[in-house]
>>> print(open('model03.txt').read())   # compact mmCIF, N, CA and C atoms and all ligand atoms
# COMPACT_ATOMS: atom_id res chain seq x y z
N MET H 1 9.01 -5.45 -14.61
CA MET H 1 8.36 -5.39 -13.30
C MET H 1 8.84 -4.15 -12.54
N THR H 2 7.91 -3.51 -11.85
CA THR H 2 8.21 -2.30 -11.11
C THR H 2 7.88 -2.50 -9.63
N THR H 3 8.75 -1.96 -8.77
CA THR H 3 8.48 -2.02 -7.34
C THR H 3 8.49 -0.61 -6.78
N ALA H 4 7.46 -0.26 -6.03
CA ALA H 4 7.39 1.05 -5.39
C ALA H 4 7.19 0.85 -3.90
N THR H 5 7.82 1.72 -3.10
CA THR H 5 7.71 1.59 -1.65
C THR H 5 7.09 2.84 -1.06
N TYR H 6 6.18 2.64 -0.12
CA TYR H 6 5.48 3.76 0.51
C TYR H 6 5.52 3.58 2.02
N THR H 7 5.17 4.64 2.73
CA THR H 7 5.03 4.55 4.18
C THR H 7 3.57 4.79 4.54
N VAL H 8 3.04 3.87 5.35
CA VAL H 8 1.64 3.97 5.78
C VAL H 8 1.61 4.13 7.29
N THR H 9 0.81 5.08 7.78
CA THR H 9 0.69 5.24 9.22
C THR H 9 -0.72 4.86 9.66
N GLY H 10 -0.82 4.41 10.92
CA GLY H 10 -2.11 4.08 11.51
C GLY H 10 -2.35 2.59 11.67
N MET H 11 -1.48 1.77 11.10
CA MET H 11 -1.68 0.32 11.21
C MET H 11 -1.17 -0.17 12.57
N THR H 12 -2.00 -0.99 13.24
CA THR H 12 -1.62 -1.44 14.57
C THR H 12 -1.59 -2.96 14.72
N CYS H 13 -2.18 -3.69 13.79
CA CYS H 13 -2.22 -5.14 13.96
C CYS H 13 -2.37 -5.85 12.63
N GLY H 14 -2.46 -7.17 12.69
CA GLY H 14 -2.57 -7.96 11.47
C GLY H 14 -3.81 -7.66 10.66
N HIS H 15 -4.87 -7.25 11.34
CA HIS H 15 -6.09 -6.90 10.62
C HIS H 15 -5.85 -5.69 9.73
N CYS H 16 -5.13 -4.72 10.26
CA CYS H 16 -4.81 -3.51 9.49
C CYS H 16 -4.00 -3.91 8.25
N VAL H 17 -3.05 -4.80 8.45
CA VAL H 17 -2.21 -5.26 7.35
C VAL H 17 -3.06 -5.91 6.27
N SER H 18 -4.02 -6.77 6.68
CA SER H 18 -4.85 -7.41 5.66
C SER H 18 -5.75 -6.42 4.96
N ALA H 19 -6.25 -5.41 5.68
CA ALA H 19 -7.13 -4.42 5.07
C ALA H 19 -6.37 -3.64 4.00
N VAL H 20 -5.15 -3.21 4.32
CA VAL H 20 -4.34 -2.46 3.36
C VAL H 20 -3.97 -3.36 2.18
N THR H 21 -3.56 -4.58 2.49
CA THR H 21 -3.17 -5.51 1.42
C THR H 21 -4.33 -5.74 0.45
N GLU H 22 -5.52 -5.93 1.01
CA GLU H 22 -6.69 -6.21 0.17
C GLU H 22 -7.01 -5.03 -0.75
N GLU H 23 -7.02 -3.82 -0.19
CA GLU H 23 -7.37 -2.64 -0.99
C GLU H 23 -6.33 -2.35 -2.07
N VAL H 24 -5.06 -2.43 -1.69
CA VAL H 24 -4.01 -2.10 -2.64
C VAL H 24 -3.90 -3.17 -3.73
N THR H 25 -4.16 -4.41 -3.37
CA THR H 25 -4.14 -5.49 -4.36
C THR H 25 -5.19 -5.24 -5.44
N ALA H 26 -6.28 -4.55 -5.07
CA ALA H 26 -7.37 -4.29 -6.01
C ALA H 26 -7.05 -3.15 -6.99
N VAL H 27 -5.94 -2.43 -6.76
CA VAL H 27 -5.58 -1.35 -7.68
C VAL H 27 -5.16 -1.97 -9.03
N PRO H 28 -5.72 -1.47 -10.13
CA PRO H 28 -5.40 -2.03 -11.45
C PRO H 28 -3.90 -2.06 -11.73
N GLY H 29 -3.41 -3.21 -12.17
CA GLY H 29 -2.01 -3.33 -12.54
C GLY H 29 -1.12 -3.87 -11.44
N VAL H 30 -1.63 -3.86 -10.20
CA VAL H 30 -0.82 -4.33 -9.08
C VAL H 30 -0.77 -5.86 -9.08
N THR H 31 0.44 -6.39 -8.98
CA THR H 31 0.61 -7.84 -9.00
C THR H 31 1.06 -8.40 -7.66
N GLY H 32 1.55 -7.52 -6.79
CA GLY H 32 1.98 -8.00 -5.49
C GLY H 32 2.01 -6.89 -4.46
N VAL H 33 1.65 -7.23 -3.21
CA VAL H 33 1.64 -6.23 -2.14
C VAL H 33 2.29 -6.84 -0.91
N ASP H 34 3.22 -6.09 -0.30
CA ASP H 34 3.82 -6.56 0.93
C ASP H 34 3.76 -5.43 1.94
N VAL H 35 3.26 -5.75 3.14
CA VAL H 35 3.15 -4.73 4.18
C VAL H 35 3.96 -5.17 5.39
N ASP H 36 4.82 -4.29 5.87
CA ASP H 36 5.58 -4.55 7.09
C ASP H 36 4.96 -3.72 8.20
N LEU H 37 4.30 -4.41 9.13
CA LEU H 37 3.56 -3.72 10.19
C LEU H 37 4.46 -2.86 11.07
N ALA H 38 5.59 -3.40 11.46
CA ALA H 38 6.48 -2.69 12.39
C ALA H 38 6.94 -1.35 11.84
N SER H 39 7.31 -1.32 10.57
CA SER H 39 7.85 -0.09 10.00
C SER H 39 6.80 0.70 9.21
N GLY H 40 5.67 0.07 8.91
CA GLY H 40 4.65 0.73 8.11
C GLY H 40 5.01 0.78 6.64
N ARG H 41 5.98 -0.03 6.27
CA ARG H 41 6.42 -0.01 4.88
C ARG H 41 5.50 -0.84 3.99
N LEU H 42 5.07 -0.20 2.91
CA LEU H 42 4.20 -0.85 1.94
C LEU H 42 4.97 -0.99 0.64
N THR H 43 5.14 -2.21 0.18
CA THR H 43 5.85 -2.45 -1.07
C THR H 43 4.86 -2.96 -2.11
N VAL H 44 4.78 -2.26 -3.22
CA VAL H 44 3.83 -2.59 -4.28
C VAL H 44 4.59 -3.01 -5.54
N THR H 45 4.26 -4.18 -6.03
CA THR H 45 4.87 -4.69 -7.25
C THR H 45 3.83 -4.66 -8.37
N SER H 46 4.27 -4.24 -9.55
CA SER H 46 3.34 -4.16 -10.68
C SER H 46 4.10 -4.35 -11.98
N ASP H 47 3.38 -4.66 -13.03
CA ASP H 47 4.01 -4.84 -14.34
C ASP H 47 4.47 -3.51 -14.91
N ALA H 48 3.64 -2.47 -14.71
CA ALA H 48 3.98 -1.12 -15.16
C ALA H 48 3.80 -0.20 -13.95
N PRO H 49 4.48 0.94 -13.94
CA PRO H 49 4.35 1.86 -12.80
C PRO H 49 2.90 2.19 -12.50
N VAL H 50 2.55 2.14 -11.20
CA VAL H 50 1.18 2.43 -10.76
C VAL H 50 1.11 3.87 -10.27
N ASP H 51 0.02 4.51 -10.55
CA ASP H 51 -0.19 5.89 -10.12
C ASP H 51 -0.17 5.98 -8.58
N ASP H 52 0.70 6.82 -8.04
CA ASP H 52 0.78 6.98 -6.60
C ASP H 52 -0.56 7.37 -6.00
N ASP H 53 -1.31 8.18 -6.73
CA ASP H 53 -2.61 8.63 -6.22
C ASP H 53 -3.58 7.47 -6.07
N ALA H 54 -3.47 6.48 -6.96
CA ALA H 54 -4.34 5.30 -6.87
C ALA H 54 -4.00 4.49 -5.63
N VAL H 55 -2.70 4.38 -5.33
CA VAL H 55 -2.26 3.67 -4.13
C VAL H 55 -2.71 4.43 -2.89
N ARG H 56 -2.55 5.75 -2.96
CA ARG H 56 -2.96 6.60 -1.83
C ARG H 56 -4.46 6.43 -1.55
N ALA H 57 -5.25 6.43 -2.62
CA ALA H 57 -6.71 6.29 -2.48
C ALA H 57 -7.07 4.93 -1.89
N ALA H 58 -6.35 3.89 -2.30
CA ALA H 58 -6.62 2.54 -1.80
C ALA H 58 -6.30 2.45 -0.31
N VAL H 59 -5.17 3.05 0.09
CA VAL H 59 -4.79 3.03 1.51
C VAL H 59 -5.81 3.82 2.32
N ASP H 60 -6.26 4.93 1.77
CA ASP H 60 -7.27 5.77 2.42
C ASP H 60 -8.57 4.99 2.58
N GLU H 61 -8.92 4.24 1.52
CA GLU H 61 -10.14 3.42 1.53
C GLU H 61 -10.08 2.37 2.64
N ALA H 62 -8.90 1.87 2.90
CA ALA H 62 -8.71 0.86 3.94
C ALA H 62 -8.79 1.50 5.33
N GLY H 63 -8.66 2.83 5.38
CA GLY H 63 -8.79 3.52 6.66
C GLY H 63 -7.47 4.01 7.24
N TYR H 64 -6.44 4.04 6.40
CA TYR H 64 -5.12 4.46 6.88
C TYR H 64 -4.58 5.57 5.99
N GLU H 65 -3.41 6.07 6.36
CA GLU H 65 -2.88 7.20 5.61
C GLU H 65 -1.52 6.90 5.02
N LEU H 66 -1.41 7.19 3.72
CA LEU H 66 -0.12 7.05 3.06
C LEU H 66 0.64 8.35 3.28
N THR H 67 1.73 8.26 4.03
CA THR H 67 2.42 9.48 4.41
C THR H 67 3.73 9.69 3.69
N GLY H 68 4.13 8.72 2.91
CA GLY H 68 5.39 8.93 2.22
C GLY H 68 5.57 7.99 1.05
N THR H 69 6.33 8.43 0.07
CA THR H 69 6.72 7.57 -1.03
C THR H 69 8.23 7.57 -1.09
N THR H 70 8.78 6.44 -1.47
CA THR H 70 10.24 6.37 -1.54
C THR H 70 10.65 5.75 -2.85
CU CU H 101 -5.45 -3.46 13.14
>>> encode(input="model03.txt", output="structure tokens")
Amino acid sequence: MTTATYTVTGMTCGHCVSAVTEEVTAVPGVTGVDVDLASGRLTVTSDAPVDDDAVRAAVDEAGYELTGTT
């Protein structure tokens, strides 16, 4: 199992959190998504490492911006 953490900006409420969670959950290989609204931290769990660009595209699709990877 792999866990990757990213920073997302632009989220302001629970709706934003669900939008990001929904889009990122749809990325192939992703098994778990956790979003912390206060810090903008996005934690993605997967069986194998997921392409950062795929996560970035999913966050973009939700209407927000992935500004960092950690
Ligand atoms: Cu919102």
>>> select_by_dssp(input="model03.txt", residues="range 11-65 of chain H", states="strand (DSSP E or B)", output="NGL selection string")
:H and (30-36 or 41-46 or 65)
>>> atom_distance(input="model03.txt", atom1="CA of Ser46 in chain H", atom2="CA of Gly10 in chain H")
24.3 Å
>>> residues_near_ligand(input="model03.txt", ligand="ligand CU 101 (chain H)", cutoff="5 Å", atoms="all atoms listed in the file", output="PyMOL selection string")
chain H and resi 12-16
>>> residues_near_point(input="model03.txt", point="(2.7, -4.0, 3.0)", cutoff="9 Å", atoms="only C-alpha atoms", output="PDB file with N, CA and C atoms, in the frame of the given file")
ATOM      1  N   THR H   5       7.820   1.720  -3.100  1.00  0.00           N
ATOM      2  CA  THR H   5       7.710   1.590  -1.650  1.00  0.00           C
ATOM      3  C   THR H   5       7.090   2.840  -1.060  1.00  0.00           C
ATOM      4  N   TYR H   6       6.180   2.640  -0.120  1.00  0.00           N
ATOM      5  CA  TYR H   6       5.480   3.760   0.510  1.00  0.00           C
ATOM      6  C   TYR H   6       5.520   3.580   2.020  1.00  0.00           C
ATOM      7  N   THR H   7       5.170   4.640   2.730  1.00  0.00           N
ATOM      8  CA  THR H   7       5.030   4.550   4.180  1.00  0.00           C
ATOM      9  C   THR H   7       3.570   4.790   4.540  1.00  0.00           C
ATOM     10  N   VAL H   8       3.040   3.870   5.350  1.00  0.00           N
ATOM     11  CA  VAL H   8       1.640   3.970   5.780  1.00  0.00           C
ATOM     12  C   VAL H   8       1.610   4.130   7.290  1.00  0.00           C
ATOM     13  N   VAL H  17      -3.050  -4.800   8.450  1.00  0.00           N
ATOM     14  CA  VAL H  17      -2.210  -5.260   7.350  1.00  0.00           C
ATOM     15  C   VAL H  17      -3.060  -5.910   6.270  1.00  0.00           C
ATOM     16  N   SER H  18      -4.020  -6.770   6.680  1.00  0.00           N
ATOM     17  CA  SER H  18      -4.850  -7.410   5.660  1.00  0.00           C
ATOM     18  C   SER H  18      -5.750  -6.420   4.960  1.00  0.00           C
ATOM     19  N   VAL H  20      -5.150  -3.210   4.320  1.00  0.00           N
ATOM     20  CA  VAL H  20      -4.340  -2.460   3.360  1.00  0.00           C
ATOM     21  C   VAL H  20      -3.970  -3.360   2.180  1.00  0.00           C
ATOM     22  N   THR H  21      -3.560  -4.580   2.490  1.00  0.00           N
ATOM     23  CA  THR H  21      -3.170  -5.510   1.420  1.00  0.00           C
ATOM     24  C   THR H  21      -4.330  -5.740   0.450  1.00  0.00           C
ATOM     25  N   VAL H  24      -5.060  -2.430  -1.690  1.00  0.00           N
ATOM     26  CA  VAL H  24      -4.010  -2.100  -2.640  1.00  0.00           C
ATOM     27  C   VAL H  24      -3.900  -3.170  -3.730  1.00  0.00           C
ATOM     28  N   VAL H  33       1.650  -7.230  -3.210  1.00  0.00           N
ATOM     29  CA  VAL H  33       1.640  -6.230  -2.140  1.00  0.00           C
ATOM     30  C   VAL H  33       2.290  -6.840  -0.910  1.00  0.00           C
ATOM     31  N   ASP H  34       3.220  -6.090  -0.300  1.00  0.00           N
ATOM     32  CA  ASP H  34       3.820  -6.560   0.930  1.00  0.00           C
ATOM     33  C   ASP H  34       3.760  -5.430   1.940  1.00  0.00           C
ATOM     34  N   VAL H  35       3.260  -5.750   3.140  1.00  0.00           N
ATOM     35  CA  VAL H  35       3.150  -4.730   4.180  1.00  0.00           C
ATOM     36  C   VAL H  35       3.960  -5.170   5.390  1.00  0.00           C
ATOM     37  N   ASP H  36       4.820  -4.290   5.870  1.00  0.00           N
ATOM     38  CA  ASP H  36       5.580  -4.550   7.090  1.00  0.00           C
ATOM     39  C   ASP H  36       4.960  -3.720   8.200  1.00  0.00           C
ATOM     40  N   LEU H  37       4.300  -4.410   9.130  1.00  0.00           N
ATOM     41  CA  LEU H  37       3.560  -3.720  10.190  1.00  0.00           C
ATOM     42  C   LEU H  37       4.460  -2.860  11.070  1.00  0.00           C
ATOM     43  N   GLY H  40       5.670   0.070   8.910  1.00  0.00           N
ATOM     44  CA  GLY H  40       4.650   0.730   8.110  1.00  0.00           C
ATOM     45  C   GLY H  40       5.010   0.780   6.640  1.00  0.00           C
ATOM     46  N   ARG H  41       5.980  -0.030   6.270  1.00  0.00           N
ATOM     47  CA  ARG H  41       6.420  -0.010   4.880  1.00  0.00           C
ATOM     48  C   ARG H  41       5.500  -0.840   3.990  1.00  0.00           C
ATOM     49  N   LEU H  42       5.070  -0.200   2.910  1.00  0.00           N
ATOM     50  CA  LEU H  42       4.200  -0.850   1.940  1.00  0.00           C
ATOM     51  C   LEU H  42       4.970  -0.990   0.640  1.00  0.00           C
ATOM     52  N   THR H  43       5.140  -2.210   0.180  1.00  0.00           N
ATOM     53  CA  THR H  43       5.850  -2.450  -1.070  1.00  0.00           C
ATOM     54  C   THR H  43       4.860  -2.960  -2.110  1.00  0.00           C
ATOM     55  N   VAL H  44       4.780  -2.260  -3.220  1.00  0.00           N
ATOM     56  CA  VAL H  44       3.830  -2.590  -4.280  1.00  0.00           C
ATOM     57  C   VAL H  44       4.590  -3.010  -5.540  1.00  0.00           C
TER      58      VAL H  44
END
>>> closest_residue(input="model03.txt", among="H:Met1, H:Glu23, H:Met11, H:Val30", to="Val59 in chain H", atoms="all atoms listed in the file")
H:Glu23
>>> closest_residue(input="model03.txt", among="H:Gly32, H:Ala19, H:Ser39, H:Asp47", to="Ala62 in chain H", atoms="all atoms listed in the file")
H:Ala19
>>> atom_distance(input="model03.txt", atom1="atom C of Thr9 in chain H", atom2="atom N of Pro28 in chain H")
21.4 Å
>>> atom_distance(input="model03.txt", atom1="CA of Thr31 in chain H", atom2="CA of Asp51 in chain H")
13.8 Å
>>> select_by_dssp(input="model03.txt", residues="range 16-67 of chain H", states="helix (DSSP H, G or I)", output="list in words")
Cys16, Val17, Ser18, Ala19, Val20, Thr21, Glu22, Glu23, Val24, Thr25, Asp52, Asp53, Ala54, Val55, Arg56, Ala57, Ala58, Val59, Asp60, Glu61 and Ala62 of chain H
>>> write_last_selection(input="model03.txt", atoms="N, CA and C atoms", output="PDB file, in the coordinates of the input")
ATOM      1  N   CYS H  16      -5.130  -4.720  10.260  1.00  0.00           N
ATOM      2  CA  CYS H  16      -4.810  -3.510   9.490  1.00  0.00           C
ATOM      3  C   CYS H  16      -4.000  -3.910   8.250  1.00  0.00           C
ATOM      4  N   VAL H  17      -3.050  -4.800   8.450  1.00  0.00           N
ATOM      5  CA  VAL H  17      -2.210  -5.260   7.350  1.00  0.00           C
ATOM      6  C   VAL H  17      -3.060  -5.910   6.270  1.00  0.00           C
ATOM      7  N   SER H  18      -4.020  -6.770   6.680  1.00  0.00           N
ATOM      8  CA  SER H  18      -4.850  -7.410   5.660  1.00  0.00           C
ATOM      9  C   SER H  18      -5.750  -6.420   4.960  1.00  0.00           C
ATOM     10  N   ALA H  19      -6.250  -5.410   5.680  1.00  0.00           N
ATOM     11  CA  ALA H  19      -7.130  -4.420   5.070  1.00  0.00           C
ATOM     12  C   ALA H  19      -6.370  -3.640   4.000  1.00  0.00           C
ATOM     13  N   VAL H  20      -5.150  -3.210   4.320  1.00  0.00           N
ATOM     14  CA  VAL H  20      -4.340  -2.460   3.360  1.00  0.00           C
ATOM     15  C   VAL H  20      -3.970  -3.360   2.180  1.00  0.00           C
ATOM     16  N   THR H  21      -3.560  -4.580   2.490  1.00  0.00           N
ATOM     17  CA  THR H  21      -3.170  -5.510   1.420  1.00  0.00           C
ATOM     18  C   THR H  21      -4.330  -5.740   0.450  1.00  0.00           C
ATOM     19  N   GLU H  22      -5.520  -5.930   1.010  1.00  0.00           N
ATOM     20  CA  GLU H  22      -6.690  -6.210   0.170  1.00  0.00           C
ATOM     21  C   GLU H  22      -7.010  -5.030  -0.750  1.00  0.00           C
ATOM     22  N   GLU H  23      -7.020  -3.820  -0.190  1.00  0.00           N
ATOM     23  CA  GLU H  23      -7.370  -2.640  -0.990  1.00  0.00           C
ATOM     24  C   GLU H  23      -6.330  -2.350  -2.070  1.00  0.00           C
ATOM     25  N   VAL H  24      -5.060  -2.430  -1.690  1.00  0.00           N
ATOM     26  CA  VAL H  24      -4.010  -2.100  -2.640  1.00  0.00           C
ATOM     27  C   VAL H  24      -3.900  -3.170  -3.730  1.00  0.00           C
ATOM     28  N   THR H  25      -4.160  -4.410  -3.370  1.00  0.00           N
ATOM     29  CA  THR H  25      -4.140  -5.490  -4.360  1.00  0.00           C
ATOM     30  C   THR H  25      -5.190  -5.240  -5.440  1.00  0.00           C
ATOM     31  N   ASP H  52       0.700   6.820  -8.040  1.00  0.00           N
ATOM     32  CA  ASP H  52       0.780   6.980  -6.600  1.00  0.00           C
ATOM     33  C   ASP H  52      -0.560   7.370  -6.000  1.00  0.00           C
ATOM     34  N   ASP H  53      -1.310   8.180  -6.730  1.00  0.00           N
ATOM     35  CA  ASP H  53      -2.610   8.630  -6.220  1.00  0.00           C
ATOM     36  C   ASP H  53      -3.580   7.470  -6.070  1.00  0.00           C
ATOM     37  N   ALA H  54      -3.470   6.480  -6.960  1.00  0.00           N
ATOM     38  CA  ALA H  54      -4.340   5.300  -6.870  1.00  0.00           C
ATOM     39  C   ALA H  54      -4.000   4.490  -5.630  1.00  0.00           C
ATOM     40  N   VAL H  55      -2.700   4.380  -5.330  1.00  0.00           N
ATOM     41  CA  VAL H  55      -2.260   3.670  -4.130  1.00  0.00           C
ATOM     42  C   VAL H  55      -2.710   4.430  -2.890  1.00  0.00           C
ATOM     43  N   ARG H  56      -2.550   5.750  -2.960  1.00  0.00           N
ATOM     44  CA  ARG H  56      -2.960   6.600  -1.830  1.00  0.00           C
ATOM     45  C   ARG H  56      -4.460   6.430  -1.550  1.00  0.00           C
ATOM     46  N   ALA H  57      -5.250   6.430  -2.620  1.00  0.00           N
ATOM     47  CA  ALA H  57      -6.710   6.290  -2.480  1.00  0.00           C
ATOM     48  C   ALA H  57      -7.070   4.930  -1.890  1.00  0.00           C
ATOM     49  N   ALA H  58      -6.350   3.890  -2.300  1.00  0.00           N
ATOM     50  CA  ALA H  58      -6.620   2.540  -1.800  1.00  0.00           C
ATOM     51  C   ALA H  58      -6.300   2.450  -0.310  1.00  0.00           C
ATOM     52  N   VAL H  59      -5.170   3.050   0.090  1.00  0.00           N
ATOM     53  CA  VAL H  59      -4.790   3.030   1.510  1.00  0.00           C
ATOM     54  C   VAL H  59      -5.810   3.820   2.320  1.00  0.00           C
ATOM     55  N   ASP H  60      -6.260   4.930   1.770  1.00  0.00           N
ATOM     56  CA  ASP H  60      -7.270   5.770   2.420  1.00  0.00           C
ATOM     57  C   ASP H  60      -8.570   4.990   2.580  1.00  0.00           C
ATOM     58  N   GLU H  61      -8.920   4.240   1.520  1.00  0.00           N
ATOM     59  CA  GLU H  61     -10.140   3.420   1.530  1.00  0.00           C
ATOM     60  C   GLU H  61     -10.080   2.370   2.640  1.00  0.00           C
ATOM     61  N   ALA H  62      -8.900   1.870   2.900  1.00  0.00           N
ATOM     62  CA  ALA H  62      -8.710   0.860   3.940  1.00  0.00           C
ATOM     63  C   ALA H  62      -8.790   1.500   5.330  1.00  0.00           C
TER      64      ALA H  62
END
>>> closest_residue(input="model03.txt", among="H:Ala38, H:Thr45, H:Asp60, H:Thr67", to="Thr2 in chain H", atoms="only N, CA and C atoms")
H:Thr45
